[in-house]
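Undergrad: start_34.txt is the file, holding compact mmCIF, C-alpha atoms and all ligand atoms:
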```
# COMPACT_ATOMS: atom_id res chain seq x y z
CA MET Z 1 4.24 -49.55 -122.23
CA GLN Z 2 2.26 -47.63 -124.83
CA THR Z 3 2.21 -48.09 -128.56
CA GLU Z 4 0.87 -45.70 -131.09
CA TYR Z 5 -1.34 -47.52 -133.51
CA TRP Z 6 0.73 -49.29 -136.08
CA LYS Z 7 -1.38 -49.04 -139.12
CA HIS Z 8 -4.79 -47.74 -140.00
CA ARG Z 9 -5.61 -49.49 -143.22
CA ALA Z 10 -7.88 -48.17 -145.91
CA ASP Z 11 -8.61 -51.72 -147.06
CA MET Z 12 -10.31 -52.66 -143.77
CA LYS Z 13 -14.03 -53.38 -143.82
CA ILE Z 14 -16.02 -52.33 -140.81
CA LEU Z 15 -19.66 -53.12 -140.08
CA LEU Z 16 -21.48 -50.34 -138.27
CA ILE Z 17 -24.47 -51.73 -136.38
CA PHE Z 18 -27.16 -49.29 -135.28
CA THR Z 19 -29.19 -50.39 -132.27
CA GLY Z 20 -30.49 -46.99 -131.15
CA GLY Z 21 -29.76 -44.44 -128.44
CA THR Z 22 -29.05 -40.74 -128.63
CA ILE Z 23 -26.23 -41.13 -131.15
CA SER Z 24 -28.59 -42.38 -133.83
CA MET Z 25 -31.23 -39.68 -133.31
CA VAL Z 26 -31.81 -36.49 -135.22
CA ARG Z 27 -33.92 -33.50 -134.41
CA ASN Z 28 -37.19 -33.36 -136.29
CA PRO Z 29 -37.09 -29.84 -137.77
CA ALA Z 30 -40.88 -29.58 -137.65
CA THR Z 31 -41.33 -30.42 -133.95
CA GLY Z 32 -37.85 -29.97 -132.47
CA ALA Z 33 -38.13 -33.43 -130.84
CA LEU Z 34 -35.52 -36.17 -131.13
CA ARG Z 35 -36.40 -39.16 -133.27
CA PRO Z 36 -34.40 -42.13 -134.57
CA ALA Z 37 -32.55 -41.23 -137.78
CA ASP Z 38 -32.76 -43.49 -140.79
CA MET Z 39 -29.38 -44.53 -142.13
CA GLN Z 40 -29.52 -42.10 -145.07
CA ALA Z 41 -30.16 -39.15 -142.75
CA PHE Z 42 -27.34 -40.33 -140.52
CA LYS Z 43 -24.92 -40.69 -143.46
CA ALA Z 44 -25.76 -37.17 -144.61
CA LEU Z 45 -24.82 -35.85 -141.17
CA VAL Z 46 -21.54 -37.80 -141.08
CA PRO Z 47 -19.99 -37.39 -144.56
CA GLU Z 48 -16.63 -38.45 -143.01
CA LEU Z 49 -17.92 -42.05 -143.21
CA GLU Z 50 -17.33 -41.88 -146.96
CA ALA Z 51 -13.79 -40.51 -146.59
CA GLY Z 52 -12.37 -43.89 -147.51
CA GLU Z 53 -10.11 -44.46 -144.49
CA ALA Z 54 -11.94 -47.75 -144.05
CA THR Z 55 -14.89 -49.18 -145.91
CA VAL Z 56 -17.85 -48.77 -143.59
CA GLU Z 57 -21.06 -50.65 -144.22
CA MET Z 58 -24.15 -50.14 -142.12
CA LEU Z 59 -26.86 -52.31 -140.72
CA SER Z 60 -29.73 -51.09 -138.61
CA PHE Z 61 -31.95 -52.75 -136.03
CA ASP Z 62 -35.61 -52.18 -136.73
CA PRO Z 63 -36.93 -50.52 -134.68
CA LEU Z 64 -34.06 -48.58 -133.15
CA ILE Z 65 -34.49 -48.58 -129.40
CA ASP Z 66 -33.66 -46.45 -126.43
CA SER Z 67 -31.24 -48.60 -124.46
CA SER Z 68 -33.51 -48.46 -121.40
CA ASP Z 69 -35.77 -50.82 -123.36
CA VAL Z 70 -33.01 -53.31 -124.20
CA LEU Z 71 -33.68 -56.91 -123.17
CA PRO Z 72 -31.45 -60.02 -123.13
CA ARG Z 73 -32.95 -61.01 -126.49
CA ASN Z 74 -31.56 -57.76 -127.92
CA TRP Z 75 -28.10 -58.69 -126.57
CA ALA Z 76 -28.50 -62.01 -128.38
CA LYS Z 77 -29.42 -60.21 -131.60
CA MET Z 78 -26.32 -58.02 -131.34
CA ALA Z 79 -24.11 -61.09 -130.86
CA GLU Z 80 -25.89 -63.02 -133.63
CA THR Z 81 -25.47 -60.09 -136.05
CA ILE Z 82 -21.73 -60.02 -135.41
CA TYR Z 83 -21.52 -63.81 -135.67
CA ALA Z 84 -23.42 -63.85 -138.99
CA ASN Z 85 -21.12 -61.20 -140.48
CA TYR Z 86 -17.90 -62.27 -138.78
CA GLU Z 87 -16.03 -63.53 -141.85
CA ARG Z 88 -17.01 -60.59 -144.07
CA TYR Z 89 -15.69 -57.79 -141.87
CA ASP Z 90 -12.46 -56.93 -140.08
CA GLY Z 91 -14.15 -55.20 -137.19
CA PHE Z 92 -17.50 -54.11 -135.77
CA VAL Z 93 -18.76 -50.85 -134.27
CA VAL Z 94 -22.03 -51.01 -132.36
CA LEU Z 95 -23.97 -47.78 -131.87
CA HIS Z 96 -25.93 -48.08 -128.65
CA GLY Z 97 -27.62 -45.85 -126.07
CA THR Z 98 -25.42 -45.05 -123.14
CA ASP Z 99 -27.89 -45.95 -120.37
CA THR Z 100 -27.44 -49.72 -120.57
CA MET Z 101 -24.40 -49.93 -122.84
CA SER Z 102 -22.28 -51.53 -120.12
CA TYR Z 103 -24.82 -54.34 -119.66
CA SER Z 104 -25.15 -55.04 -123.40
CA ALA Z 105 -21.45 -54.85 -124.11
CA SER Z 106 -20.68 -57.10 -121.12
CA ALA Z 107 -23.26 -59.64 -122.28
CA VAL Z 108 -21.87 -59.63 -125.84
CA SER Z 109 -18.38 -60.24 -124.40
CA PHE Z 110 -19.72 -63.46 -122.83
CA MET Z 111 -21.77 -64.49 -125.89
CA LEU Z 112 -18.92 -64.29 -128.43
CA ARG Z 113 -16.31 -66.90 -127.50
CA ASP Z 114 -12.82 -67.02 -129.04
CA LEU Z 115 -13.29 -63.54 -130.44
CA ALA Z 116 -10.34 -62.44 -132.59
CA LYS Z 117 -11.73 -59.22 -134.08
CA PRO Z 118 -12.59 -55.85 -132.53
CA VAL Z 119 -16.17 -55.15 -131.40
CA ILE Z 120 -16.35 -51.53 -130.27
CA PHE Z 121 -19.50 -50.17 -128.62
CA THR Z 122 -20.00 -46.43 -128.66
CA GLY Z 123 -22.71 -43.82 -128.36
CA SER Z 124 -23.00 -40.17 -127.44
CA GLN Z 125 -24.45 -37.81 -124.89
CA LEU Z 126 -25.76 -35.44 -127.59
CA PRO Z 127 -27.38 -36.48 -130.90
CA VAL Z 128 -25.29 -36.52 -134.02
CA GLY Z 129 -26.78 -33.42 -135.66
CA VAL Z 130 -26.23 -31.11 -132.67
CA LEU Z 131 -23.30 -28.71 -133.07
CA ARG Z 132 -21.53 -29.58 -129.81
CA SER Z 133 -22.24 -33.29 -130.14
CA ASP Z 134 -19.70 -35.85 -129.04
CA ALA Z 135 -21.17 -38.31 -131.57
CA LYS Z 136 -18.81 -37.86 -134.52
CA GLU Z 137 -15.65 -37.98 -132.45
CA ASN Z 138 -16.77 -41.14 -130.65
CA LEU Z 139 -17.98 -42.82 -133.82
CA LEU Z 140 -15.02 -41.98 -136.05
CA THR Z 141 -12.45 -42.90 -133.42
CA ALA Z 142 -14.28 -46.18 -132.74
CA ILE Z 143 -14.08 -46.97 -136.47
CA GLU Z 144 -10.39 -46.10 -136.51
CA ILE Z 145 -9.76 -48.40 -133.53
CA ALA Z 146 -11.81 -51.20 -135.10
CA SER Z 147 -9.63 -51.00 -138.21
CA ALA Z 148 -6.23 -50.69 -136.52
CA THR Z 149 -3.73 -53.52 -136.86
CA ASP Z 150 -0.46 -54.27 -135.12
CA LYS Z 151 2.97 -55.05 -136.55
CA GLN Z 152 1.97 -58.63 -137.32
CA GLY Z 153 -1.13 -57.44 -139.14
CA ARG Z 154 -3.43 -58.72 -136.37
CA ALA Z 155 -6.35 -56.70 -135.04
CA MET Z 156 -4.96 -54.25 -132.50
CA VAL Z 157 -7.81 -54.81 -130.05
CA PRO Z 158 -9.56 -58.17 -130.56
CA GLU Z 159 -11.93 -57.62 -127.64
CA VAL Z 160 -15.42 -56.30 -126.94
CA CYS Z 161 -14.77 -52.71 -125.85
CA VAL Z 162 -16.50 -49.43 -125.08
CA PHE Z 163 -14.99 -46.31 -126.64
CA PHE Z 164 -16.17 -43.05 -125.16
CA GLU Z 165 -14.64 -39.57 -124.86
CA ASN Z 166 -11.03 -40.48 -125.60
CA HIS Z 167 -10.91 -43.75 -123.66
CA LEU Z 168 -11.06 -47.29 -124.89
CA PHE Z 169 -12.17 -49.65 -122.13
CA ARG Z 170 -12.68 -53.39 -121.90
CA ALA Z 171 -16.48 -53.51 -122.12
CA ASN Z 172 -17.12 -55.80 -119.16
CA ARG Z 173 -15.15 -53.46 -116.90
CA THR Z 174 -17.26 -50.39 -117.62
CA THR Z 175 -19.97 -48.54 -115.74
CA LYS Z 176 -21.96 -45.51 -116.82
CA GLN Z 177 -20.85 -42.96 -114.28
CA ASN Z 178 -22.15 -39.63 -115.50
CA ALA Z 179 -25.41 -38.54 -117.11
CA GLU Z 180 -24.14 -35.03 -117.83
CA HIS Z 181 -20.49 -35.04 -118.79
CA PHE Z 182 -19.15 -36.32 -122.08
CA GLU Z 183 -16.92 -38.63 -120.07
CA ALA Z 184 -19.88 -40.90 -119.38
CA PHE Z 185 -18.06 -44.17 -118.68
CA ALA Z 186 -15.48 -45.34 -116.22
CA SER Z 187 -13.53 -48.53 -115.73
CA HIS Z 188 -12.60 -48.38 -112.07
CA ASN Z 189 -10.83 -51.69 -111.73
CA TYR Z 190 -8.99 -52.06 -115.03
CA PRO Z 191 -6.95 -49.39 -116.85
CA SER Z 192 -8.06 -48.10 -120.24
CA LEU Z 193 -6.78 -50.14 -123.18
CA ALA Z 194 -6.07 -47.06 -125.27
CA LYS Z 195 -6.25 -43.29 -125.05
CA ALA Z 196 -7.09 -41.12 -128.04
CA GLY Z 197 -5.66 -37.65 -128.42
CA VAL Z 198 -3.81 -36.38 -131.47
CA HIS Z 199 -2.56 -39.98 -131.67
CA ILE Z 200 -4.14 -43.13 -130.38
CA PHE Z 201 -1.90 -44.80 -127.82
CA TYR Z 202 -2.60 -48.46 -127.16
CA ARG Z 203 -1.48 -50.19 -123.96
CA GLU Z 204 -0.65 -53.45 -125.63
CA HIS Z 205 0.21 -55.32 -122.44
CA LEU Z 206 -3.36 -54.78 -121.19
CA ILE Z 207 -5.06 -56.01 -124.36
CA HIS Z 208 -6.06 -59.65 -124.58
CA HIS Z 209 -5.01 -61.55 -127.72
CA PRO Z 210 -6.22 -65.11 -128.25
CA GLU Z 211 -3.40 -67.66 -128.12
CA GLN Z 212 -4.62 -69.18 -131.36
CA VAL Z 213 -7.29 -68.07 -133.78
CA LEU Z 214 -10.22 -70.44 -133.43
CA PRO Z 215 -13.63 -70.27 -135.09
CA LEU Z 216 -15.94 -67.84 -133.31
CA ARG Z 217 -18.47 -69.55 -131.05
CA LEU Z 218 -21.86 -68.09 -130.23
CA CYS Z 219 -23.64 -68.69 -126.89
CA THR Z 220 -26.75 -66.56 -126.71
CA LYS Z 221 -29.01 -68.44 -124.32
CA THR Z 222 -29.83 -66.44 -121.21
CA ASP Z 223 -31.95 -66.94 -118.12
CA PRO Z 224 -33.17 -63.68 -116.58
CA HIS Z 225 -34.08 -65.13 -113.17
CA VAL Z 226 -31.53 -63.07 -111.29
CA ALA Z 227 -31.82 -60.23 -108.77
CA ILE Z 228 -29.68 -57.50 -107.29
CA LEU Z 229 -30.00 -57.22 -103.52
CA LYS Z 230 -28.38 -54.05 -102.21
CA LEU Z 231 -27.75 -54.00 -98.47
CA PHE Z 232 -28.29 -50.82 -96.46
CA PRO Z 233 -28.30 -50.02 -92.76
CA GLY Z 234 -31.75 -50.97 -91.46
CA ILE Z 235 -32.66 -53.39 -94.26
CA THR Z 236 -35.38 -55.67 -92.89
CA GLU Z 237 -35.68 -59.42 -92.78
CA GLU Z 238 -38.94 -59.14 -94.74
CA VAL Z 239 -37.26 -57.37 -97.67
CA VAL Z 240 -34.39 -59.87 -97.86
CA ALA Z 241 -36.79 -62.81 -97.50
CA ALA Z 242 -39.05 -61.43 -100.24
CA VAL Z 243 -36.15 -61.16 -102.71
CA LEU Z 244 -34.72 -64.58 -101.87
CA HIS Z 245 -38.15 -66.20 -102.25
CA THR Z 246 -38.80 -64.71 -105.69
CA PRO Z 247 -40.35 -67.56 -107.72
CA GLY Z 248 -37.84 -69.13 -110.13
CA LEU Z 249 -34.87 -67.19 -108.73
CA ARG Z 250 -31.51 -68.67 -109.81
CA GLY Z 251 -28.90 -66.10 -108.80
CA VAL Z 252 -28.39 -63.01 -106.69
CA VAL Z 253 -25.86 -60.19 -106.92
CA LEU Z 254 -25.48 -59.31 -103.24
CA GLU Z 255 -24.26 -55.71 -103.07
CA THR Z 256 -22.31 -55.51 -99.83
CA TYR Z 257 -20.29 -52.86 -98.03
CA GLY Z 258 -16.59 -52.10 -98.50
CA SER Z 259 -14.48 -55.18 -99.05
CA GLY Z 260 -17.54 -57.44 -99.15
CA ASN Z 261 -19.00 -56.99 -95.67
CA ALA Z 262 -22.57 -57.53 -94.46
CA PRO Z 263 -24.44 -57.05 -91.18
CA SER Z 264 -23.71 -59.95 -88.83
CA PHE Z 265 -27.37 -60.64 -87.96
CA ASP Z 266 -28.34 -64.28 -87.54
CA TRP Z 267 -31.48 -63.81 -89.61
CA LEU Z 268 -29.43 -62.64 -92.60
CA TYR Z 269 -27.10 -65.62 -92.37
CA ASN Z 270 -30.07 -68.00 -92.04
CA LEU Z 271 -31.87 -66.53 -95.06
CA LEU Z 272 -28.74 -66.62 -97.25
CA LYS Z 273 -27.88 -70.17 -96.16
CA ASP Z 274 -31.43 -71.34 -96.80
CA ALA Z 275 -31.42 -69.78 -100.29
CA ILE Z 276 -28.07 -71.38 -101.15
CA ASP Z 277 -29.33 -74.74 -99.87
CA ARG Z 278 -32.28 -74.32 -102.25
CA GLY Z 279 -29.81 -73.99 -105.17
CA ILE Z 280 -29.73 -70.21 -105.51
CA ILE Z 281 -26.25 -68.89 -106.33
CA ILE Z 282 -25.30 -65.74 -104.45
CA VAL Z 283 -22.26 -63.62 -105.33
CA ASP Z 284 -20.74 -60.95 -103.09
CA LYS Z 285 -20.19 -57.69 -105.00
CA THR Z 286 -19.02 -54.58 -103.21
CA GLN Z 287 -21.16 -51.44 -103.46
CA CYS Z 288 -17.94 -49.44 -103.92
CA SER Z 289 -17.20 -48.53 -107.54
CA ALA Z 290 -13.51 -49.30 -107.16
CA GLY Z 291 -11.70 -52.00 -105.24
CA ARG Z 292 -12.50 -55.61 -104.55
CA VAL Z 293 -14.28 -58.09 -102.34
CA GLU Z 294 -11.95 -59.76 -99.86
CA MET Z 295 -14.11 -62.18 -97.94
CA GLY Z 296 -12.63 -63.04 -94.56
CA ARG Z 297 -10.73 -59.78 -94.20
CA TYR Z 298 -13.27 -58.58 -91.61
CA GLU Z 299 -15.18 -60.79 -89.24
CA VAL Z 300 -18.46 -59.46 -90.63
CA SER Z 301 -17.85 -61.24 -93.93
CA LEU Z 302 -17.16 -64.64 -92.37
CA PRO Z 303 -20.85 -65.64 -92.14
CA LEU Z 304 -21.19 -64.99 -95.88
CA MET Z 305 -18.35 -67.41 -96.57
CA LYS Z 306 -19.82 -69.94 -94.15
CA ALA Z 307 -23.22 -69.72 -95.88
CA GLY Z 308 -21.57 -70.43 -99.27
CA VAL Z 309 -21.71 -66.96 -100.86
CA LEU Z 310 -19.17 -66.65 -103.70
CA SER Z 311 -16.72 -63.78 -104.10
CA GLY Z 312 -17.26 -61.42 -107.01
CA TYR Z 313 -13.68 -60.12 -106.65
CA ASP Z 314 -13.46 -56.82 -108.58
CA ILE Z 315 -16.29 -57.40 -111.07
CA THR Z 316 -18.84 -54.71 -111.97
CA THR Z 317 -22.51 -55.24 -111.19
CA GLU Z 318 -23.29 -54.97 -114.92
CA ALA Z 319 -20.81 -57.69 -115.87
CA LEU Z 320 -21.82 -59.97 -113.01
CA LEU Z 321 -25.50 -59.73 -113.83
CA ALA Z 322 -24.90 -60.42 -117.53
CA LYS Z 323 -22.47 -63.26 -116.74
CA MET Z 324 -24.99 -64.92 -114.42
CA MET Z 325 -27.77 -64.68 -117.02
CA CYS Z 326 -25.50 -66.18 -119.69
CA LEU Z 327 -24.24 -69.00 -117.46
CA PHE Z 328 -27.75 -69.90 -116.22
CA GLY Z 329 -28.89 -69.92 -119.86
CA GLU Z 330 -26.04 -72.08 -121.09
CA TYR Z 331 -25.53 -74.50 -118.21
CA GLU Z 332 -29.13 -74.55 -116.93
CA HIS Z 333 -29.11 -76.40 -113.59
CA ASP Z 334 -25.48 -77.51 -113.59
CA ASN Z 335 -24.69 -75.39 -110.53
CA ASP Z 336 -21.21 -76.85 -109.98
CA THR Z 337 -20.10 -75.66 -113.43
CA ILE Z 338 -21.82 -72.30 -112.98
CA ARG Z 339 -20.16 -71.73 -109.58
CA ARG Z 340 -16.77 -72.70 -111.04
CA LEU Z 341 -17.17 -70.35 -114.01
CA LEU Z 342 -18.35 -67.49 -111.79
CA ASP Z 343 -15.04 -67.93 -110.01
CA THR Z 344 -13.13 -67.79 -113.33
CA SER Z 345 -12.37 -64.90 -115.66
CA LEU Z 346 -14.12 -65.72 -118.96
CA ALA Z 347 -13.51 -62.49 -120.89
CA GLY Z 348 -11.19 -60.49 -118.66
CA GLU Z 349 -14.03 -59.38 -116.34
CA ILE Z 350 -12.30 -60.21 -113.06
CA THR Z 351 -8.84 -60.10 -111.58
CA LYS Z 352 -8.78 -62.55 -108.73
CA SER Z 353 -5.86 -61.17 -106.75
CA ASN Z 354 -4.23 -57.81 -106.14
CA ASP Z 355 -1.01 -58.81 -107.86
N1 LIG B 1 -31.70 -42.94 -123.15
C1 LIG B 1 -30.62 -42.99 -124.11
C2 LIG B 1 -30.27 -44.44 -124.34
O1 LIG B 1 -29.60 -45.01 -123.53
C3 LIG B 1 -29.47 -42.21 -123.61
C4 LIG B 1 -28.26 -42.21 -124.50
O2 LIG B 1 -28.21 -42.77 -125.55
O3 LIG B 1 -27.28 -41.58 -124.10
O4 LIG B 1 -30.70 -45.01 -125.32
```
Show how you would write the structure in this file as structure tokens.
Ligand code: ASP

TA:
Amino acid sequence: MQTEYWKHRADMKILLIFTGGTISMVRNPATGALRPADMQAFKALVPELEAGEATVEMLSFDPLIDSSDVLPRNWAKMAETIYANYERYDGFVVLHGTDTMSYSASAVSFMLRDLAKPVIFTGSQLPVGVLRSDAKENLLTAIEIASATDKQGRAMVPEVCVFFENHLFRANRTTKQNAEHFEAFASHNYPSLAKAGVHIFYREHLIHHPEQVLPLRLCTKTDPHVAILKLFPGITEEVVAAVLHTPGLRGVVLETYGSGNAPSFDWLYNLLKDAIDRGIIIVDKTQCSAGRVEMGRYEVSLPLMKAGVLSGYDITTEALLAKMMCLFGEYEHDNDTIRRLLDTSLAGEITKSND
């Protein structure tokens, strides 16, 4: 089922939040190098912002940052900025570098609870002033999506999303997949929420709408004591032991093979079991981009279950890492609650079964 957008209203107010990245850079005519644009320079390059199809106001982080430098405190600032301006705007567009956009957008999807307005992250592969740039198309379509309403006058997409090169994705399902092509993002385990061509077609049945509109809640505490442990043939006991004995470690994204399989060596089982007994939470996440963890399907995943490793189902590494940091920040040492919530979809980030 696809619906063309119902209404794009000129009376909608959108807040455009600059955080940095290629999209907000301009070429310095004197040196030829890319530097962050100030908002006036940016506006001059995108006169369409004044076209009146929606009222767009801008707010810029200072300094603008390359997304490789983004930290959990920057995720918190993005969520706080939206929270502080929530009542004054109908939707939000966040301009962000592509490199870590999936991490930031996933984190913001966990930090803003009971969201009922659109928050659309976008960026570009080429800076805004470059002739072939994908910046304007991404930005202007993101604004259009943020200001679209359905037949009941509700926001068309009241979710945290990533819009890039014609596709609107649920943010916590995305991965940066290409450093060269304009189609930089993919959502391997959840279909796109909308596709933009001459018209924008929304797949309404895939979009989450809150059952009732509640006040927005903000949960920005994070704990960064997490690690990603990627298995590979020949990985040594010393490497695994070193990761699992990292001081202060709270959680591990265990990147396994195929449907969640790991080598069946006793030493691996013993190290994982010992870590879990010490209160470290370990989640099984397949190294495959698409598909899901099915613990118990092969014998080689049985020891993981026996040790107490949790299933990550079809979650992305980016979303799992951000979710762990947010849950460790919010629930501190309440591991029972954290384990239960890791097994629950909080913002549409996992589908627990194939049906
Ligand atoms: N390094 C840049 C960033 O992520 C790349 C980009 O924006 O595409 O901030």

Undergrad: Point out the residue among Z:Phe182, Z:Phe169, Z:Tyr89, Z:Tyr83 with the least atom-to-atom distance to ligand LIG 1 (chain B), counting only C-alpha atoms and all ligand atoms.

TA: Z:Phe182

Undergrad: Within 6 Å of ligand LIG 1 (chain B) (counting all atoms listed in the file), which residues show up? I'd like them as a ChimeraX atom specification.

TA: /Z:21-22,66-68,97-100,124-125

Undergrad: Write out the residues from the selection above, keeping C-alpha atoms, as a compact mmCIF listing (two decimals), in the frame of the given file.

TA:
```txt
# COMPACT_ATOMS: atom_id res chain seq x y z
CA GLY Z 21 -29.76 -44.44 -128.44
CA THR Z 22 -29.05 -40.74 -128.63
CA ASP Z 66 -33.66 -46.45 -126.43
CA SER Z 67 -31.24 -48.60 -124.46
CA SER Z 68 -33.51 -48.46 -121.40
CA GLY Z 97 -27.62 -45.85 -126.07
CA THR Z 98 -25.42 -45.05 -123.14
CA ASP Z 99 -27.89 -45.95 -120.37
CA THR Z 100 -27.44 -49.72 -120.57
CA SER Z 124 -23.00 -40.17 -127.44
CA GLN Z 125 -24.45 -37.81 -124.89
```

Undergrad: Kindly indicate which residue among Z:Thr222, Z:Asn172, Z:Ser133, Z:Asn28 lies nearest to Ala76 (chain Z), using only C-alpha atoms for the distances.

TA: Z:Thr222

Undergrad: Give me, please, the distance in Å between CA of Val130 (chain Z) and CA of Phe18 (chain Z), quoted to one decimal.

TA: 18.4 Å

Undergrad: Around the point (-17.2, -46.6, -118.2) in the file's coordinates, collect all residues with an atom within 8 Å, using only C-alpha atoms, and return them as a PyMOL selection string.

TA: chain Z and resi 102+162+164+169+171+173-177+184-188

Undergrad: Between Z:Leu268, Z:Leu244, Z:Met58, Z:Leu254, single out the one closest to Val309 (chain Z), counting only C-alpha atoms.

TA: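 Smallest separation from Val309 (chain Z) among the options: Z:Leu254.
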
Undergrad: Just checking: using all atoms listed in the file, which residue out of Z:Ala196, Z:Val213, Z:Val56, Z:Val253 ends up closest to Leu320 (chain Z)?

TA: Z:Val253

Undergrad: Which residues come within 8 Å of region 142-152 of chain Z, counting only C-alpha atoms, excluding same-chain residues fewer than 2 positions away, as a compact mmCIF listing (two decimals) with C-alpha atoms, in the frame of the given file?

TA:
```
# COMPACT_ATOMS: atom_id res chain seq x y z
CA TYR Z 5 -1.34 -47.52 -133.51
CA TRP Z 6 0.73 -49.29 -136.08
CA LYS Z 7 -1.38 -49.04 -139.12
CA HIS Z 8 -4.79 -47.74 -140.00
CA ARG Z 9 -5.61 -49.49 -143.22
CA MET Z 12 -10.31 -52.66 -143.77
CA LYS Z 13 -14.03 -53.38 -143.82
CA ILE Z 14 -16.02 -52.33 -140.81
CA ALA Z 54 -11.94 -47.75 -144.05
CA ASP Z 90 -12.46 -56.93 -140.08
CA GLY Z 91 -14.15 -55.20 -137.19
CA PHE Z 92 -17.50 -54.11 -135.77
CA VAL Z 93 -18.76 -50.85 -134.27
CA PRO Z 118 -12.59 -55.85 -132.53
CA VAL Z 119 -16.17 -55.15 -131.40
CA ILE Z 120 -16.35 -51.53 -130.27
CA PHE Z 121 -19.50 -50.17 -128.62
CA THR Z 122 -20.00 -46.43 -128.66
CA ASN Z 138 -16.77 -41.14 -130.65
CA LEU Z 139 -17.98 -42.82 -133.82
CA LEU Z 140 -15.02 -41.98 -136.05
CA ARG Z 154 -3.43 -58.72 -136.37
CA ALA Z 155 -6.35 -56.70 -135.04
CA MET Z 156 -4.96 -54.25 -132.50
CA VAL Z 157 -7.81 -54.81 -130.05
CA PHE Z 163 -14.99 -46.31 -126.64
```

Undergrad: Mind pulling up the distance from CA of Val94 (chain Z) to CA of Arg73 (chain Z)?

TA: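 It comes out at 15.9 Å.
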
Undergrad: So how far away is CA of Gly20 (chain Z) from CA of Gln40 (chain Z), in Å?

TA: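 For CA of Gln40 (chain Z) relative to CA of Gly20 (chain Z), the distance reads 14.8 Å.
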
Undergrad: For Glu330 (chain Z), work out the shell of residues within 9 Å, counting all atoms listed in the file and skipping chain neighbours fewer than 6 positions away, then give it as a CSV table (one decimal) with C-alpha atoms, keeping the file's coordinate frame.

TA:
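selection-v3.csv written:
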```csv
chain,number,residue,atom,x,y,z
Z,219,CYS,CA,-23.6,-68.7,-126.9
Z,220,THR,CA,-26.8,-66.6,-126.7
Z,221,LYS,CA,-29.0,-68.4,-124.3
Z,222,THR,CA,-29.8,-66.4,-121.2
Z,223,ASP,CA,-32.0,-66.9,-118.1
```

Undergrad: Please determine, counting only C-alpha atoms, which residue among Z:Val26, Z:Leu49, Z:Ala84, Z:Ile315 has the shortest atom-to-atom distance to Gln287 (chain Z).

TA: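 Under the stated criterion, the closest residue is Z:Ile315.
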